>>> print(open('upload.cif').read())   # mmCIF, C-alpha atoms
data_work
#
loop_
_atom_site.group_PDB
_atom_site.id
_atom_site.type_symbol
_atom_site.label_atom_id
_atom_site.label_comp_id
_atom_site.auth_asym_id
_atom_site.auth_seq_id
_atom_site.Cartn_x
_atom_site.Cartn_y
_atom_site.Cartn_z
ATOM 1 C CA MET Q 1 4.122 -30.792 -100.744
ATOM 2 C CA ALA Q 2 4.599 -29.190 -104.168
ATOM 3 C CA GLY Q 3 0.877 -29.625 -104.949
ATOM 4 C CA ALA Q 4 -0.150 -27.875 -101.733
ATOM 5 C CA HIS Q 5 2.265 -25.062 -102.471
ATOM 6 C CA ARG Q 6 0.780 -24.596 -105.932
ATOM 7 C CA GLN Q 7 -2.753 -24.506 -104.498
ATOM 8 C CA GLN Q 8 -1.756 -21.846 -101.977
ATOM 9 C CA SER Q 9 -0.165 -19.781 -104.764
ATOM 10 C CA ARG Q 10 -3.334 -20.034 -106.848
ATOM 11 C CA MET Q 11 -5.446 -18.900 -103.896
ATOM 12 C CA ARG Q 12 -3.180 -15.889 -103.317
ATOM 13 C CA ALA Q 13 -3.349 -14.994 -107.006
ATOM 14 C CA LEU Q 14 -7.145 -15.339 -106.987
ATOM 15 C CA LYS Q 15 -7.429 -12.986 -104.013
ATOM 16 C CA GLU Q 16 -5.170 -10.458 -105.779
ATOM 17 C CA TRP Q 17 -7.363 -10.611 -108.878
ATOM 18 C CA LEU Q 18 -10.569 -10.204 -106.884
ATOM 19 C CA THR Q 19 -9.292 -7.195 -104.939
ATOM 20 C CA ALA Q 20 -7.636 -5.498 -107.925
ATOM 21 C CA GLY Q 21 -10.891 -4.214 -109.440
ATOM 22 C CA PRO Q 22 -13.406 -5.228 -112.126
ATOM 23 C CA LEU Q 23 -12.506 -8.354 -114.104
ATOM 24 C CA HIS Q 24 -12.746 -8.129 -117.890
ATOM 25 C CA VAL Q 25 -14.312 -11.527 -118.441
ATOM 26 C CA ALA Q 26 -13.965 -11.994 -122.193
ATOM 27 C CA PRO Q 27 -10.225 -11.242 -122.429
ATOM 28 C CA LEU Q 28 -9.621 -13.302 -119.294
ATOM 29 C CA CYS Q 29 -11.439 -16.295 -120.784
ATOM 30 C CA ASP Q 30 -9.447 -15.974 -124.001
ATOM 31 C CA LEU Q 31 -6.219 -15.886 -122.018
ATOM 32 C CA ILE Q 32 -7.133 -18.982 -120.005
ATOM 33 C CA LYS Q 33 -8.226 -20.835 -123.144
ATOM 34 C CA ASP Q 34 -5.114 -20.031 -125.163
ATOM 35 C CA TYR Q 35 -2.388 -19.940 -122.509
ATOM 36 C CA SER Q 36 -3.504 -22.149 -119.648
ATOM 37 C CA GLY Q 37 -0.154 -23.974 -119.779
ATOM 38 C CA PHE Q 38 1.523 -21.138 -117.844
ATOM 39 C CA GLU Q 39 -0.268 -18.837 -115.406
ATOM 40 C CA GLY Q 40 2.582 -16.805 -113.923
ATOM 41 C CA LEU Q 41 1.915 -17.915 -110.330
ATOM 42 C CA HIS Q 42 4.818 -17.661 -107.889
ATOM 43 C CA LEU Q 43 5.557 -20.978 -106.151
ATOM 44 C CA GLY Q 44 8.562 -20.122 -104.020
ATOM 45 C CA SER Q 45 12.132 -18.883 -103.726
ATOM 46 C CA PHE Q 46 15.454 -20.605 -103.077
ATOM 47 C CA GLU Q 47 19.191 -20.036 -103.303
ATOM 48 C CA CYS Q 48 21.273 -21.133 -106.285
ATOM 49 C CA SER Q 49 24.081 -19.942 -108.533
ATOM 50 C CA SER Q 50 22.790 -17.821 -111.374
ATOM 51 C CA ARG Q 51 25.500 -17.730 -114.037
ATOM 52 C CA ALA Q 52 24.537 -21.089 -115.578
ATOM 53 C CA LEU Q 53 21.248 -22.950 -115.155
ATOM 54 C CA VAL Q 54 19.732 -25.996 -116.855
ATOM 55 C CA THR Q 55 16.952 -28.525 -116.214
ATOM 56 C CA LEU Q 56 17.740 -32.235 -116.332
ATOM 57 C CA ARG Q 57 15.278 -34.801 -117.666
ATOM 58 C CA ASP Q 58 14.281 -36.019 -114.203
ATOM 59 C CA GLY Q 59 13.278 -32.510 -113.120
ATOM 60 C CA THR Q 60 16.510 -31.751 -111.285
ATOM 61 C CA VAL Q 61 17.994 -28.313 -111.879
ATOM 62 C CA ALA Q 62 21.747 -27.883 -112.232
ATOM 63 C CA SER Q 63 23.317 -24.524 -111.461
ATOM 64 C CA GLY Q 64 26.855 -23.221 -111.520
ATOM 65 C CA GLY Q 65 28.837 -20.042 -111.073
ATOM 66 C CA ALA Q 66 31.936 -18.748 -109.351
ATOM 67 C CA GLU Q 67 31.829 -21.505 -106.717
ATOM 68 C CA ASN Q 68 33.995 -24.569 -107.305
ATOM 69 C CA ALA Q 69 30.960 -26.797 -107.654
ATOM 70 C CA ILE Q 70 27.814 -27.529 -109.644
ATOM 71 C CA CYS Q 71 24.701 -27.867 -107.489
ATOM 72 C CA LEU Q 72 21.915 -30.308 -108.374
ATOM 73 C CA PHE Q 73 18.619 -29.563 -106.633
ATOM 74 C CA ASP Q 74 14.905 -30.320 -106.860
ATOM 75 C CA PRO Q 75 12.950 -27.034 -106.599
ATOM 76 C CA VAL Q 76 9.460 -28.614 -106.590
ATOM 77 C CA GLY Q 77 10.170 -31.870 -104.739
ATOM 78 C CA ASP Q 78 12.027 -33.195 -101.739
ATOM 79 C CA ARG Q 79 15.169 -34.774 -103.199
ATOM 80 C CA MET Q 80 18.324 -33.790 -101.348
ATOM 81 C CA PRO Q 81 20.709 -31.397 -103.132
ATOM 82 C CA GLN Q 82 23.950 -32.805 -104.555
ATOM 83 C CA ARG Q 83 27.237 -31.217 -105.520
ATOM 84 C CA ILE Q 84 29.721 -31.980 -108.288
ATOM 85 C CA ASN Q 85 33.202 -30.578 -107.778
ATOM 86 C CA HIS Q 86 34.015 -28.325 -110.711
ATOM 87 C CA PRO Q 87 36.077 -25.190 -111.484
ATOM 88 C CA GLU Q 88 34.247 -21.911 -112.074
ATOM 89 C CA VAL Q 89 31.293 -22.495 -114.428
ATOM 90 C CA PHE Q 90 30.075 -20.354 -117.346
ATOM 91 C CA SER Q 91 27.740 -22.718 -119.254
ATOM 92 C CA LEU Q 92 25.711 -25.908 -118.809
ATOM 93 C CA ASN Q 93 23.905 -28.182 -121.279
ATOM 94 C CA ALA Q 94 21.696 -31.225 -120.616
ATOM 95 C CA GLN Q 95 20.558 -32.187 -124.123
ATOM 96 C CA LEU Q 96 22.166 -35.645 -123.955
ATOM 97 C CA ALA Q 97 20.477 -38.372 -121.894
ATOM 98 C CA ASP Q 98 22.151 -39.018 -118.507
ATOM 99 C CA LYS Q 99 24.907 -36.511 -119.286
ATOM 100 C CA LEU Q 100 25.690 -32.987 -118.170
ATOM 101 C CA LEU Q 101 27.972 -30.876 -120.357
ATOM 102 C CA THR Q 102 29.839 -28.035 -118.678
ATOM 103 C CA GLY Q 103 31.894 -25.094 -119.882
ATOM 104 C CA GLY Q 104 34.444 -23.719 -117.456
ATOM 105 C CA ALA Q 105 36.400 -20.537 -116.901
ATOM 106 C CA ASP Q 106 39.504 -22.632 -117.570
ATOM 107 C CA GLY Q 107 38.443 -23.196 -121.194
ATOM 108 C CA VAL Q 108 37.712 -26.885 -120.630
ATOM 109 C CA ILE Q 109 34.465 -28.614 -121.645
ATOM 110 C CA ARG Q 110 33.605 -31.561 -119.418
ATOM 111 C CA VAL Q 111 31.110 -34.383 -119.864
ATOM 112 C CA PHE Q 112 29.652 -35.807 -116.645
ATOM 113 C CA ARG Q 113 27.606 -38.996 -116.319
ATOM 114 C CA LEU Q 114 24.724 -38.079 -114.040
ATOM 115 C CA SER Q 115 24.055 -41.562 -112.692
ATOM 116 C CA ASP Q 116 27.331 -41.557 -110.744
ATOM 117 C CA GLN Q 117 28.614 -37.984 -111.432
ATOM 118 C CA ALA Q 118 31.760 -39.340 -113.066
ATOM 119 C CA CYS Q 119 33.646 -37.074 -115.481
ATOM 120 C CA LEU Q 120 33.812 -39.064 -118.730
ATOM 121 C CA GLN Q 121 35.582 -36.631 -121.060
ATOM 122 C CA GLU Q 122 37.393 -33.315 -121.160
ATOM 123 C CA PHE Q 123 37.753 -31.143 -124.279
ATOM 124 C CA ASP Q 124 40.306 -28.350 -123.996
ATOM 125 C CA GLY Q 125 40.005 -25.592 -126.584
ATOM 126 C CA ARG Q 126 42.485 -23.321 -124.778
ATOM 127 C CA ALA Q 127 40.316 -20.389 -125.817
ATOM 128 C CA GLY Q 128 39.333 -18.845 -122.508
ATOM 129 C CA PRO Q 129 35.991 -19.213 -120.694
ATOM 130 C CA VAL Q 130 33.372 -21.305 -122.518
ATOM 131 C CA PHE Q 131 30.225 -19.155 -122.597
ATOM 132 C CA SER Q 132 27.876 -21.407 -124.616
ATOM 133 C CA LEU Q 133 27.287 -25.047 -125.548
ATOM 134 C CA ALA Q 134 24.942 -26.787 -128.014
ATOM 135 C CA VAL Q 135 24.600 -30.396 -129.151
ATOM 136 C CA ALA Q 136 24.880 -30.438 -132.950
ATOM 137 C CA SER Q 137 24.013 -33.251 -135.352
ATOM 138 C CA ASN Q 138 25.921 -36.508 -135.781
ATOM 139 C CA ASP Q 139 27.225 -36.671 -132.203
ATOM 140 C CA LYS Q 140 28.887 -33.303 -132.491
ATOM 141 C CA LEU Q 141 29.153 -30.638 -129.800
ATOM 142 C CA ALA Q 142 29.500 -26.908 -130.484
ATOM 143 C CA SER Q 143 31.043 -24.433 -128.069
ATOM 144 C CA GLY Q 144 31.424 -20.663 -128.038
ATOM 145 C CA ALA Q 145 34.192 -18.957 -126.135
ATOM 146 C CA THR Q 146 35.794 -15.657 -125.339
ATOM 147 C CA ASP Q 147 38.137 -15.831 -128.372
ATOM 148 C CA SER Q 148 35.144 -15.173 -130.718
ATOM 149 C CA ALA Q 149 35.311 -18.597 -132.397
ATOM 150 C CA VAL Q 150 32.791 -21.442 -132.448
ATOM 151 C CA ARG Q 151 34.351 -24.887 -132.146
ATOM 152 C CA VAL Q 152 32.786 -28.163 -133.226
ATOM 153 C CA TRP Q 153 33.838 -31.273 -131.319
ATOM 154 C CA ASP Q 154 33.585 -34.976 -132.094
ATOM 155 C CA MET Q 155 31.930 -36.417 -128.993
ATOM 156 C CA SER Q 156 33.366 -39.905 -129.560
ATOM 157 C CA THR Q 157 37.009 -38.848 -129.857
ATOM 158 C CA GLY Q 158 37.046 -35.488 -128.069
ATOM 159 C CA ALA Q 159 38.789 -33.894 -131.051
ATOM 160 C CA CYS Q 160 37.998 -30.422 -132.357
ATOM 161 C CA VAL Q 161 36.931 -31.123 -135.954
ATOM 162 C CA SER Q 162 36.404 -27.517 -137.069
ATOM 163 C CA THR Q 163 36.731 -23.925 -135.916
ATOM 164 C CA LEU Q 164 34.109 -21.476 -137.178
ATOM 165 C CA GLU Q 165 35.584 -17.993 -137.408
ATOM 166 C CA GLY Q 166 33.924 -14.703 -138.278
ATOM 167 C CA HIS Q 167 32.618 -13.172 -135.068
ATOM 168 C CA THR Q 168 34.722 -10.345 -133.678
ATOM 169 C CA PHE Q 169 33.588 -10.594 -130.037
ATOM 170 C CA PRO Q 170 32.889 -13.529 -127.667
ATOM 171 C CA VAL Q 171 30.130 -15.993 -128.557
ATOM 172 C CA PHE Q 172 27.510 -15.912 -125.781
ATOM 173 C CA ALA Q 173 24.730 -18.094 -127.260
ATOM 174 C CA LEU Q 174 24.313 -21.125 -129.531
ATOM 175 C CA GLU Q 175 21.169 -22.809 -130.893
ATOM 176 C CA MET Q 176 20.627 -25.630 -133.398
ATOM 177 C CA LEU Q 177 17.978 -24.895 -136.051
ATOM 178 C CA PRO Q 178 15.547 -27.374 -137.671
ATOM 179 C CA SER Q 179 17.437 -26.876 -140.955
ATOM 180 C CA GLY Q 180 20.559 -28.344 -139.375
ATOM 181 C CA LEU Q 181 22.330 -24.994 -139.279
ATOM 182 C CA LEU Q 182 23.940 -23.741 -136.079
ATOM 183 C CA ALA Q 183 23.082 -20.214 -134.903
ATOM 184 C CA SER Q 184 25.623 -18.269 -132.850
ATOM 185 C CA GLY Q 185 25.010 -14.973 -131.046
ATOM 186 C CA SER Q 186 27.940 -12.733 -130.246
ATOM 187 C CA GLY Q 187 29.064 -9.582 -128.527
ATOM 188 C CA ASP Q 188 29.498 -8.073 -131.997
ATOM 189 C CA ALA Q 189 25.663 -7.696 -132.127
ATOM 190 C CA THR Q 190 25.282 -10.253 -134.935
ATOM 191 C CA ILE Q 191 23.904 -13.769 -135.269
ATOM 192 C CA ARG Q 192 25.696 -16.081 -137.677
ATOM 193 C CA LEU Q 193 24.216 -19.223 -139.217
ATOM 194 C CA TRP Q 194 26.757 -21.991 -139.851
ATOM 195 C CA ASN Q 195 26.922 -25.167 -141.868
ATOM 196 C CA THR Q 196 28.952 -27.184 -139.373
ATOM 197 C CA ALA Q 197 29.857 -29.858 -141.929
ATOM 198 C CA SER Q 198 31.569 -27.394 -144.259
ATOM 199 C CA ALA Q 199 32.505 -24.858 -141.540
ATOM 200 C CA ALA Q 200 30.926 -22.144 -143.713
ATOM 201 C CA CYS Q 201 28.913 -19.160 -142.522
ATOM 202 C CA VAL Q 202 25.832 -19.182 -144.744
ATOM 203 C CA ARG Q 203 24.072 -16.086 -143.379
ATOM 204 C CA ILE Q 204 24.550 -13.153 -141.001
ATOM 205 C CA LEU Q 205 21.521 -11.758 -139.152
ATOM 206 C CA GLN Q 206 21.885 -8.068 -138.323
ATOM 207 C CA GLN Q 207 19.292 -6.041 -136.448
ATOM 208 C CA HIS Q 208 20.548 -5.684 -132.877
ATOM 209 C CA THR Q 209 22.677 -2.716 -131.890
ATOM 210 C CA SER Q 210 24.394 -4.363 -128.915
ATOM 211 C CA ARG Q 211 25.618 -7.790 -127.819
ATOM 212 C CA VAL Q 212 23.422 -10.851 -128.343
ATOM 213 C CA ASN Q 213 23.066 -12.624 -124.999
ATOM 214 C CA ALA Q 214 20.581 -15.456 -125.623
ATOM 215 C CA LEU Q 215 18.904 -17.473 -128.385
ATOM 216 C CA ALA Q 216 15.774 -19.640 -128.316
ATOM 217 C CA LEU Q 217 14.024 -21.744 -130.944
ATOM 218 C CA LEU Q 218 10.278 -21.048 -131.122
ATOM 219 C CA PRO Q 219 7.697 -23.790 -131.867
ATOM 220 C CA ASP Q 220 7.036 -22.384 -135.351
ATOM 221 C CA GLY Q 221 10.717 -22.732 -136.272
ATOM 222 C CA CYS Q 222 11.562 -19.045 -135.899
ATOM 223 C CA LEU Q 223 14.597 -17.991 -133.880
ATOM 224 C CA ALA Q 224 14.336 -15.503 -131.012
ATOM 225 C CA SER Q 225 17.355 -13.471 -129.931
ATOM 226 C CA ALA Q 226 17.810 -11.294 -126.842
ATOM 227 C CA SER Q 227 20.214 -8.391 -126.676
ATOM 228 C CA SER Q 228 21.677 -5.738 -124.441
ATOM 229 C CA ASP Q 229 19.898 -3.246 -126.722
ATOM 230 C CA ARG Q 230 16.763 -4.144 -124.649
ATOM 231 C CA THR Q 231 14.926 -5.882 -127.495
ATOM 232 C CA VAL Q 232 14.022 -9.406 -128.553
ATOM 233 C CA CYS Q 233 14.120 -10.078 -132.295
ATOM 234 C CA VAL Q 234 12.143 -12.873 -133.975
ATOM 235 C CA TRP Q 235 13.858 -14.173 -137.126
ATOM 236 C CA ASP Q 236 12.867 -16.089 -140.216
ATOM 237 C CA THR Q 237 16.223 -17.806 -140.581
ATOM 238 C CA THR Q 238 15.446 -19.235 -144.043
ATOM 239 C CA LYS Q 239 15.061 -15.706 -145.427
ATOM 240 C CA GLY Q 240 17.439 -14.019 -143.017
ATOM 241 C CA VAL Q 241 14.934 -11.338 -142.029
ATOM 242 C CA CYS Q 242 13.764 -9.969 -138.695
ATOM 243 C CA MET Q 243 9.999 -10.490 -138.662
ATOM 244 C CA ARG Q 244 9.217 -8.812 -135.340
ATOM 245 C CA THR Q 245 10.954 -6.788 -132.647
ATOM 246 C CA LEU Q 246 9.659 -7.116 -129.075
ATOM 247 C CA GLY Q 247 10.346 -4.020 -126.991
ATOM 248 C CA GLY Q 248 9.430 -2.922 -123.498
ATOM 249 C CA HIS Q 249 12.338 -3.886 -121.263
ATOM 250 C CA ARG Q 250 14.230 -0.994 -119.697
ATOM 251 C CA TRP Q 251 17.525 -2.851 -119.279
ATOM 252 C CA SER Q 252 19.652 -5.446 -121.062
ATOM 253 C CA ILE Q 253 17.932 -8.768 -121.737
ATOM 254 C CA TRP Q 254 20.049 -11.707 -120.574
ATOM 255 C CA SER Q 255 17.820 -14.770 -120.881
ATOM 256 C CA LEU Q 256 15.155 -16.424 -123.042
ATOM 257 C CA ALA Q 257 12.989 -19.517 -122.550
ATOM 258 C CA VAL Q 258 10.086 -21.130 -124.411
ATOM 259 C CA LEU Q 259 7.177 -21.936 -122.070
ATOM 260 C CA PRO Q 260 4.165 -24.278 -122.323
ATOM 261 C CA GLY Q 261 1.762 -23.153 -125.018
ATOM 262 C CA GLY Q 262 4.634 -21.721 -127.059
ATOM 263 C CA MET Q 263 4.984 -18.528 -125.023
ATOM 264 C CA LEU Q 264 8.372 -16.831 -124.851
ATOM 265 C CA ALA Q 265 9.872 -15.501 -121.610
ATOM 266 C CA SER Q 266 12.562 -12.818 -121.616
ATOM 267 C CA GLY Q 267 14.497 -11.831 -118.504
ATOM 268 C CA SER Q 268 16.020 -8.421 -117.861
ATOM 269 C CA GLY Q 269 17.158 -6.185 -115.038
ATOM 270 C CA ASP Q 270 13.655 -4.964 -114.340
ATOM 271 C CA VAL Q 271 11.151 -7.755 -114.995
ATOM 272 C CA VAL Q 272 10.382 -11.005 -116.804
ATOM 273 C CA HIS Q 273 8.116 -10.466 -119.807
ATOM 274 C CA VAL Q 274 6.011 -13.357 -121.141
ATOM 275 C CA TRP Q 275 5.196 -12.938 -124.839
ATOM 276 C CA ASP Q 276 3.023 -14.262 -127.587
ATOM 277 C CA ALA Q 277 5.923 -13.811 -129.993
ATOM 278 C CA SER Q 278 3.757 -14.471 -133.063
ATOM 279 C CA LYS Q 279 1.671 -11.378 -132.257
ATOM 280 C CA SER Q 280 4.339 -9.191 -130.591
ATOM 281 C CA CYS Q 281 2.064 -9.161 -127.554
ATOM 282 C CA CYS Q 282 3.268 -9.073 -123.938
ATOM 283 C CA LEU Q 283 0.857 -11.334 -122.050
ATOM 284 C CA MET Q 284 2.134 -10.876 -118.508
ATOM 285 C CA GLU Q 285 4.975 -9.567 -116.361
ATOM 286 C CA LEU Q 286 6.595 -11.484 -113.512
ATOM 287 C CA GLN Q 287 8.048 -9.031 -111.031
ATOM 288 C CA HIS Q 288 8.347 -8.023 -107.351
ATOM 289 C CA ARG Q 289 10.462 -11.121 -106.607
ATOM 290 C CA HIS Q 290 13.919 -10.210 -107.902
ATOM 291 C CA GLU Q 291 16.317 -7.556 -106.652
ATOM 292 C CA ASN Q 292 18.903 -8.008 -109.428
ATOM 293 C CA CYS Q 293 19.096 -8.826 -113.135
ATOM 294 C CA ILE Q 294 17.485 -12.103 -114.193
ATOM 295 C CA LEU Q 295 20.527 -13.843 -115.632
ATOM 296 C CA ASN Q 296 19.190 -17.300 -116.463
ATOM 297 C CA PHE Q 297 16.061 -19.381 -116.966
ATOM 298 C CA ALA Q 298 15.302 -23.080 -116.681
ATOM 299 C CA VAL Q 299 12.006 -24.710 -117.706
ATOM 300 C CA MET Q 300 10.897 -27.734 -115.678
ATOM 301 C CA PRO Q 301 9.404 -30.881 -117.301
ATOM 302 C CA ASP Q 302 5.930 -29.913 -116.006
ATOM 303 C CA GLY Q 303 6.239 -26.368 -117.335
ATOM 304 C CA GLU Q 304 7.360 -24.425 -114.267
ATOM 305 C CA LEU Q 305 9.812 -21.598 -114.950
ATOM 306 C CA VAL Q 306 12.888 -21.086 -112.770
ATOM 307 C CA THR Q 307 14.243 -17.538 -112.873
ATOM 308 C CA ALA Q 308 17.686 -16.956 -111.381
ATOM 309 C CA SER Q 309 19.413 -13.739 -110.358
ATOM 310 C CA VAL Q 310 22.393 -12.913 -108.166
ATOM 311 C CA ALA Q 311 20.004 -12.518 -105.240
ATOM 312 C CA GLY Q 312 18.503 -16.020 -105.640
ATOM 313 C CA ALA Q 313 16.003 -17.976 -107.712
ATOM 314 C CA ASN Q 314 12.229 -18.090 -107.999
ATOM 315 C CA ILE Q 315 9.901 -20.684 -109.486
ATOM 316 C CA TRP Q 316 6.685 -19.864 -111.378
ATOM 317 C CA GLU Q 317 3.932 -21.887 -113.017
#
>>> encode(input="upload.cif", output="structure tokens")
Amino acid sequence: MAGAHRQQSRMRALKEWLTAGPLHVAPLCDLIKDYSGFEGLHLGSFECSSRALVTLRDGTVASGGAENAICLFDPVGDRMPQRINHPEVFSLNAQLADKLLTGGADGVIRVFRLSDQACLQEFDGRAGPVFSLAVASNDKLASGATDSAVRVWDMSTGACVSTLEGHTFPVFALEMLPSGLLASGSGDATIRLWNTASAACVRILQQHTSRVNALALLPDGCLASASSDRTVCVWDTTKGVCMRTLGGHRWSIWSLAVLPGGMLASGSGDVVHVWDASKSCCLMELQHRHENCILNFAVMPDGELVTASVAGANIWE
């Protein structure tokens, strides 16, 4: 069924290309050669919560929001949706095999075993809603919350082993770097790089003029950050410098995702931009399918992109 849907989408896209006017063959061939992993074809739409979104290793997508449940669904297959009872959700993480990590409005981090949906652990930081989660090294979990602190948890004991303080507004995004440092993006418009073992902030990245909403690690090791200042910054974290600034969105940018071929997607209130971040080049725009801000992305194992807004979700390949 999914294969037939993809073929129909390709045929529609081909007809649009053929009726749009003359085709510039050389640039088109270069695009197909370099970026054939993602074509920007719309596969379909469906309903899901948009506040938190993550892809599991089997291709299932988990979503959560204000509802008292997490929904597990298969956007490109025919598996039946499932629900996990849960308080209001702000963040989801699926980096650990057969486990789903959740951050709730109640300040509690929960660890669910996906095979039977059992809740295995609960970590209570008593710090307000948990906006971001990242699996750190040595079986450690990092969380960012509304109290502006980053907490590091021992996954085996459930104890908070350190509290990283320095941000002055809530921490909305976390990302582990190849160097072993933890990057945190905050409402104070800064990104801090932390040594989680020593609980020391080793560098502060400053370029944005408004809150940092999302972080993504690029294939070349650079860090991308998205902000309400309507830009994406690409950072050399070893030098602490902003190498490139990607502009073009008209509204706040809420989401980032790395696509097949190393492309970077950024989601805003107006459109999804797909970038070659190494060249500061916008390759394509995905639009006409959303009526509200694109709040979250999820990338499927086969490379499809799920884009979620308040009005619903779309899937692209």
>>> residues_around(input="upload.cif", residues="segment 112-116 of chain Q", least_positions_apart="6", cutoff="6 Å", atoms="all atoms listed in the file", output="mmCIF file with C-alpha atoms, in the coordinates of the input")
data_model
loop_
_atom_site.group_PDB
_atom_site.id
_atom_site.type_symbol
_atom_site.label_atom_id
_atom_site.label_comp_id
_atom_site.auth_asym_id
_atom_site.auth_seq_id
_atom_site.Cartn_x
_atom_site.Cartn_y
_atom_site.Cartn_z
ATOM 1 C CA ASP Q 98 22.151 -39.018 -118.507
ATOM 2 C CA LYS Q 99 24.907 -36.511 -119.286
ATOM 3 C CA LEU Q 100 25.690 -32.987 -118.170
#
>>> residues_near_point(input="upload.cif", point="(34.0, -27.3, -108.9)", cutoff="10 Å", atoms="only C-alpha atoms", output="PyMOL selection string")
chain Q and resi 64-71+83-89+104
>>> resolve_selection(input="upload.cif", expression="the PyMOL selection byres ((chain Q and resi 253) around 7)", output="list in words")
Ala226, Ser227, Ser228, Arg230, Trp251, Ser252, Trp254, Ser255, Ser266, Gly267 and Ser268 of chain Q
>>> atom_distance(input="upload.cif", atom1="atom CA of Cys222 of chain Q", atom2="atom CA of Ser198 of chain Q")
23.2 Å
>>> closest_atom_pairs(input="upload.cif", of="segment 191-219 of chain Q", to="segment 132-142 of chain Q", cutoff="12 Å", atoms="all atoms listed in the file", output="tab-separated table")
residue	atom	partner	partner_atom	distance
Q:Trp194	CA	Q:Ala142	CA	10.9
Q:Asn195	CA	Q:Ala136	CA	10.6
Q:Thr196	CA	Q:Ala136	CA	8.3
Q:Ala197	CA	Q:Ser137	CA	9.4
Q:Ala199	CA	Q:Ala142	CA	11.6
Q:Asn213	CA	Q:Ser132	CA	10.0
Q:Ala214	CA	Q:Ser132	CA	9.5
Q:Leu215	CA	Q:Ser132	CA	10.5
Q:Ala216	CA	Q:Ala134	CA	11.6
>>> resolve_selection(input="upload.cif", expression="the PyMOL selection byres ((chain Q and resi 155-158) around 8)", output="list in words")
Gln121, Glu122, Phe123, Asp139, Lys140, Leu141, Trp153, Asp154, Ala159 and Cys160 of chain Q
>>> atom_distance(input="upload.cif", atom1="atom CA of Val108 of chain Q", atom2="atom CA of Ala127 of chain Q")
8.7 Å
>>> resolve_selection(input="upload.cif", expression="the PyMOL selection byres ((chain Q and resi 241-248) around 9)", output="PDB file with C-alpha atoms, keeping the file's coordinate frame")
ATOM      1  CA  LEU Q 205      21.521 -11.758-139.152  1.00  0.00           C
ATOM      2  CA  GLN Q 206      21.885  -8.068-138.323  1.00  0.00           C
ATOM      3  CA  GLN Q 207      19.292  -6.041-136.448  1.00  0.00           C
ATOM      4  CA  ARG Q 230      16.763  -4.144-124.649  1.00  0.00           C
ATOM      5  CA  THR Q 231      14.926  -5.882-127.495  1.00  0.00           C
ATOM      6  CA  VAL Q 232      14.022  -9.406-128.553  1.00  0.00           C
ATOM      7  CA  CYS Q 233      14.120 -10.078-132.295  1.00  0.00           C
ATOM      8  CA  VAL Q 234      12.143 -12.873-133.975  1.00  0.00           C
ATOM      9  CA  TRP Q 235      13.858 -14.173-137.126  1.00  0.00           C
ATOM     10  CA  ASP Q 236      12.867 -16.089-140.216  1.00  0.00           C
ATOM     11  CA  THR Q 237      16.223 -17.806-140.581  1.00  0.00           C
ATOM     12  CA  THR Q 238      15.446 -19.235-144.043  1.00  0.00           C
ATOM     13  CA  LYS Q 239      15.061 -15.706-145.427  1.00  0.00           C
ATOM     14  CA  GLY Q 240      17.439 -14.019-143.017  1.00  0.00           C
ATOM     15  CA  HIS Q 249      12.338  -3.886-121.263  1.00  0.00           C
ATOM     16  CA  ARG Q 250      14.230  -0.994-119.697  1.00  0.00           C
ATOM     17  CA  HIS Q 273       8.116 -10.466-119.807  1.00  0.00           C
ATOM     18  CA  TRP Q 275       5.196 -12.938-124.839  1.00  0.00           C
ATOM     19  CA  ALA Q 277       5.923 -13.811-129.993  1.00  0.00           C
ATOM     20  CA  SER Q 278       3.757 -14.471-133.063  1.00  0.00           C
ATOM     21  CA  LYS Q 279       1.671 -11.378-132.257  1.00  0.00           C
ATOM     22  CA  SER Q 280       4.339  -9.191-130.591  1.00  0.00           C
ATOM     23  CA  CYS Q 281       2.064  -9.161-127.554  1.00  0.00           C
ATOM     24  CA  CYS Q 282       3.268  -9.073-123.938  1.00  0.00           C
TER      25      CYS Q 282
END
>>> atom_distance(input="upload.cif", atom1="atom CA of Leu286 of chain Q", atom2="atom CA of Leu305 of chain Q")
10.7 Å
>>> closest_residue(input="upload.cif", among="Q:Leu182, Q:Ala311, Q:Leu264, Q:Ala52", to="Phe131 of chain Q", atoms="only C-alpha atoms")
Q:Ala52
>>> closest_residue(input="upload.cif", among="Q:Val212, Q:Ala97, Q:Ser91, Q:Glu317", to="Arg110 of chain Q", atoms="all atoms listed in the file")
Q:Ser91
>>> closest_residue(input="upload.cif", among="Q:Cys201, Q:Gly312, Q:Asp147, Q:Pro219", to="Gly187 of chain Q", atoms="only C-alpha atoms")
Q:Asp147
>>> residues_around(input="upload.cif", residues="Gly103 of chain Q", least_positions_apart="4", cutoff="6 Å", atoms="all atoms listed in the file", output="mmCIF file with C-alpha atoms, in the coordinates of the input")
data_model
loop_
_atom_site.group_PDB
_atom_site.id
_atom_site.type_symbol
_atom_site.label_atom_id
_atom_site.label_comp_id
_atom_site.auth_asym_id
_atom_site.auth_seq_id
_atom_site.Cartn_x
_atom_site.Cartn_y
_atom_site.Cartn_z
ATOM 1 C CA PHE Q 90 30.075 -20.354 -117.346
ATOM 2 C CA SER Q 91 27.740 -22.718 -119.254
ATOM 3 C CA ILE Q 109 34.465 -28.614 -121.645
ATOM 4 C CA VAL Q 130 33.372 -21.305 -122.518
#
>>> residues_around(input="upload.cif", residues="Phe169 of chain Q", least_positions_apart="4", cutoff="10 Å", atoms="all atoms listed in the file", output="PyMOL selection string")
chain Q and resi 145-149+185-190+211
>>> axis_aligned_box(input="upload.cif", around="segment 301-314 of chain Q", padding_each_side="5 Å", output="lines of an AutoDock Vina configuration file")
center_x = 14.2
center_y = -21.7
center_z = -111.3
size_x = 26.5
size_y = 28.4
size_z = 22.1
>>> closest_residue(input="upload.cif", among="Q:Met300, Q:Gly221, Q:Ala173, Q:Ile315", to="Val61 of chain Q", atoms="only C-alpha atoms")
Q:Met300
